[in-house]
Amino acid sequence: MTDEVVLLDFWPSPFGIRVRIALAEKGIKYTYIEEDLMSLKKSPLLLEMNPVQKKIPVLIHNGKSICESLIAVQYIDEVWNDGSPLLPSDPYQRSQARFWADYVDNKIYSIGRNIYTKKGEEQEVAKKEFIDTLKLLEEQLGEKSYFGGDKFGFVDISLIPFYSRLKVFETFGNLNIENECPKFIAWAKRCMKIESVSKSLPDQDKIYEFIVDMRKLLGIE
């Protein structure tokens, strides 16, 4: 039986990028369906496949939907397990990878969003928390090439999509992230040399233009 794999996604979504990277890492062919979320209209297929959250990304495998990006990445790793694993085989190491991926999930997007949607004290708080979060992740990375060691893996996939928003964070936050967190930038540049990453991440200028347009829609000057 031939696997039918479909991804419902929105091109700038860091969460969708995670799934795209995982599919590329495993060499899985799939049909990409773009959801036009800027129009605020959600397709009947999206509403059918994710009726609870009504959000992208949604991975559809042989007609069955898998929602939430980190769950989808784990699903991909478990189903297509004949290639290089994304999660460690050791139960403790696997639990730690899930912990740090969850940490990224709960911190980076919401804090980063406040950098380009808030002003004044709220923005200053977000900027400090953002840099503090990256520094904590740098400590976890240590001297390793990737968060899991010598191989690109689950935690890297959870975090690297946000590198496409570097120009956004630096421009609207008046930050120099390389000065503040050089180890993070070195890790990101290392990840960008991996084909599955470089081909999945949108150009930083394109993401910046998207965020500028989004701010206008939100009435942020």
# chains A, B, ... in the order shown; residues from 1 in each chain; ligands from 1

$ residues_around --residues "range 79-92 of chain A" --least-positions-apart "3" --cutoff "7 Å" --atoms "only C-alpha atoms" --output "VMD selection string"
chain A and resid 26 75 to 76 95 to 96 153 to 154

$ residues_around --residues "Ile177 in chain A" --least-positions-apart "4" --cutoff "12 Å" --atoms "only C-alpha atoms" --output "ChimeraX atom specification"
/A:127-128,130-135,163,165-171,173,181-186,188

$ select_by_dssp --residues "range 98-218 of chain A" --states "helix (DSSP H, G or I)" --output "ChimeraX atom specification"
/A:98-117,120-141,154-173,177-180,182-191,195-198,204-217

$ closest_residue --among "A:Ala97, A:Lys29, A:Asp9, A:Arg18" --to "Lys42 in chain A" --atoms "only C-alpha atoms"
A:Asp9

$ closest_residue --among "A:Leu47, A:Ile21, A:Ile33, A:Met38" --to "Asp213 in chain A" --atoms "only C-alpha atoms"
A:Met38

$ decode --residues "range 31-172 of chain A" --atoms "C-alpha atoms" --output "CSV table (one decimal), in the first residue's frame"
chain,number,residue,atom,x,y,z
A,31,THR,CA,1.1,16.8,-1.1
A,32,TYR,CA,1.4,20.4,0.2
A,33,ILE,CA,-1.8,22.4,0.6
A,34,GLU,CA,-1.5,26.0,1.4
A,35,GLU,CA,-4.1,27.5,3.8
A,36,ASP,CA,-4.7,31.3,3.2
A,37,LEU,CA,-4.8,32.3,6.8
A,38,MET,CA,-4.3,36.0,6.0
A,39,SER,CA,-7.8,36.1,4.6
A,40,LEU,CA,-9.1,34.5,7.8
A,41,LYS,CA,-10.9,31.9,5.7
A,42,LYS,CA,-10.3,28.3,6.7
A,43,SER,CA,-10.8,25.6,4.1
A,44,PRO,CA,-13.5,22.9,4.5
A,45,LEU,CA,-10.6,20.4,4.6
A,46,LEU,CA,-8.9,22.1,7.5
A,47,LEU,CA,-12.1,22.3,9.4
A,48,GLU,CA,-12.8,18.6,8.7
A,49,MET,CA,-9.3,17.5,9.6
A,50,ASN,CA,-8.8,19.7,12.7
A,51,PRO,CA,-12.3,20.4,14.0
A,52,VAL,CA,-11.2,21.1,17.5
A,53,GLN,CA,-8.5,23.7,17.1
A,54,LYS,CA,-9.1,24.6,13.4
A,55,LYS,CA,-5.3,25.4,13.1
A,56,ILE,CA,-2.4,24.4,10.9
A,57,PRO,CA,-0.3,22.4,10.5
A,58,VAL,CA,-2.3,19.3,10.0
A,59,LEU,CA,-0.5,16.1,8.8
A,60,ILE,CA,-2.9,13.8,7.0
A,61,HIS,CA,-1.6,10.2,6.6
A,62,ASN,CA,-3.9,7.8,4.7
A,63,GLY,CA,-6.9,10.0,5.5
A,64,LYS,CA,-6.2,10.3,9.2
A,65,SER,CA,-5.2,13.6,10.7
A,66,ILE,CA,-2.4,14.3,13.1
A,67,CYS,CA,-2.5,17.8,14.7
A,68,GLU,CA,0.0,19.9,16.7
A,69,SER,CA,3.5,20.2,15.1
A,70,LEU,CA,5.6,18.4,17.8
A,71,ILE,CA,3.1,15.5,17.9
A,72,ALA,CA,3.3,15.3,14.1
A,73,VAL,CA,7.1,15.3,14.1
A,74,GLN,CA,7.1,12.4,16.7
A,75,TYR,CA,4.5,10.6,14.6
A,76,ILE,CA,6.7,10.9,11.5
A,77,ASP,CA,9.7,9.6,13.4
A,78,GLU,CA,7.7,6.6,14.7
A,79,VAL,CA,6.0,5.6,11.5
A,80,TRP,CA,8.9,6.1,9.1
A,81,ASN,CA,11.5,4.5,11.4
A,82,ASP,CA,13.8,3.0,8.9
A,83,GLY,CA,15.8,6.1,8.4
A,84,SER,CA,17.8,8.3,10.8
A,85,PRO,CA,15.8,8.8,14.0
A,86,LEU,CA,14.8,12.3,15.1
A,87,LEU,CA,14.4,11.3,18.8
A,88,PRO,CA,17.0,9.4,20.9
A,89,SER,CA,16.4,5.7,21.5
A,90,ASP,CA,17.2,5.9,25.2
A,91,PRO,CA,14.0,6.6,27.2
A,92,TYR,CA,15.7,9.2,29.5
A,93,GLN,CA,17.3,11.1,26.6
A,94,ARG,CA,14.0,11.0,24.7
A,95,SER,CA,12.2,12.4,27.7
A,96,GLN,CA,14.7,15.3,27.9
A,97,ALA,CA,14.3,16.0,24.2
A,98,ARG,CA,10.6,16.2,24.7
A,99,PHE,CA,11.0,18.5,27.7
A,100,TRP,CA,13.2,21.0,25.8
A,101,ALA,CA,11.0,20.9,22.7
A,102,ASP,CA,8.0,21.7,24.9
A,103,TYR,CA,10.0,24.5,26.5
A,104,VAL,CA,10.6,26.0,23.1
A,105,ASP,CA,7.0,25.6,22.3
A,106,ASN,CA,5.8,27.4,25.4
A,107,LYS,CA,8.4,30.3,25.2
A,108,ILE,CA,9.8,31.3,21.8
A,109,TYR,CA,6.7,32.0,19.7
A,110,SER,CA,4.7,34.0,22.4
A,111,ILE,CA,7.7,36.0,23.7
A,112,GLY,CA,9.0,36.6,20.1
A,113,ARG,CA,5.5,37.8,19.0
A,114,ASN,CA,5.5,40.4,21.8
A,115,ILE,CA,8.7,41.8,20.5
A,116,TYR,CA,7.0,42.8,17.2
A,117,THR,CA,3.5,43.5,18.4
A,118,LYS,CA,4.0,45.3,21.7
A,119,LYS,CA,5.6,48.7,22.6
A,120,GLY,CA,7.1,50.4,25.6
A,121,GLU,CA,7.5,48.4,28.8
A,122,GLU,CA,5.7,45.3,27.5
A,123,GLN,CA,8.2,45.1,24.6
A,124,GLU,CA,11.2,45.7,26.9
A,125,VAL,CA,10.0,42.8,29.1
A,126,ALA,CA,9.6,40.6,26.1
A,127,LYS,CA,13.1,41.5,24.8
A,128,LYS,CA,14.7,40.6,28.1
A,129,GLU,CA,12.8,37.4,28.4
A,130,PHE,CA,13.6,36.4,24.8
A,131,ILE,CA,17.3,36.8,25.3
A,132,ASP,CA,17.2,35.1,28.7
A,133,THR,CA,15.4,32.1,27.0
A,134,LEU,CA,18.0,31.9,24.3
A,135,LYS,CA,20.8,32.0,26.8
A,136,LEU,CA,19.2,29.1,28.8
A,137,LEU,CA,19.0,27.2,25.5
A,138,GLU,CA,22.6,27.9,24.9
A,139,GLU,CA,23.5,26.4,28.2
A,140,GLN,CA,21.6,23.3,27.3
A,141,LEU,CA,23.4,23.1,24.0
A,142,GLY,CA,26.7,23.4,25.7
A,143,GLU,CA,29.6,22.4,23.4
A,144,LYS,CA,27.5,20.0,21.4
A,145,SER,CA,26.9,20.5,17.7
A,146,TYR,CA,23.2,20.0,18.1
A,147,PHE,CA,20.9,19.7,21.1
A,148,GLY,CA,20.9,15.9,21.0
A,149,GLY,CA,24.7,15.6,20.4
A,150,ASP,CA,26.4,15.1,17.0
A,151,LYS,CA,23.2,14.6,15.1
A,152,PHE,CA,20.4,17.0,14.1
A,153,GLY,CA,17.3,16.0,15.9
A,154,PHE,CA,14.0,16.7,17.7
A,155,VAL,CA,14.9,19.8,19.7
A,156,ASP,CA,16.7,21.3,16.8
A,157,ILE,CA,13.6,20.8,14.6
A,158,SER,CA,11.5,22.5,17.3
A,159,LEU,CA,13.7,25.6,17.5
A,160,ILE,CA,15.3,26.2,14.1
A,161,PRO,CA,12.1,27.5,12.3
A,162,PHE,CA,12.3,30.7,14.4
A,163,TYR,CA,15.7,31.5,12.9
A,164,SER,CA,13.7,32.7,9.9
A,165,ARG,CA,12.3,35.5,12.1
A,166,LEU,CA,15.8,36.7,13.1
A,167,LYS,CA,15.5,39.9,11.1
A,168,VAL,CA,12.0,40.5,12.6
A,169,PHE,CA,13.2,40.2,16.2
A,170,GLU,CA,16.3,42.3,15.6
A,171,THR,CA,14.6,45.1,13.6
A,172,PHE,CA,11.5,45.6,15.8
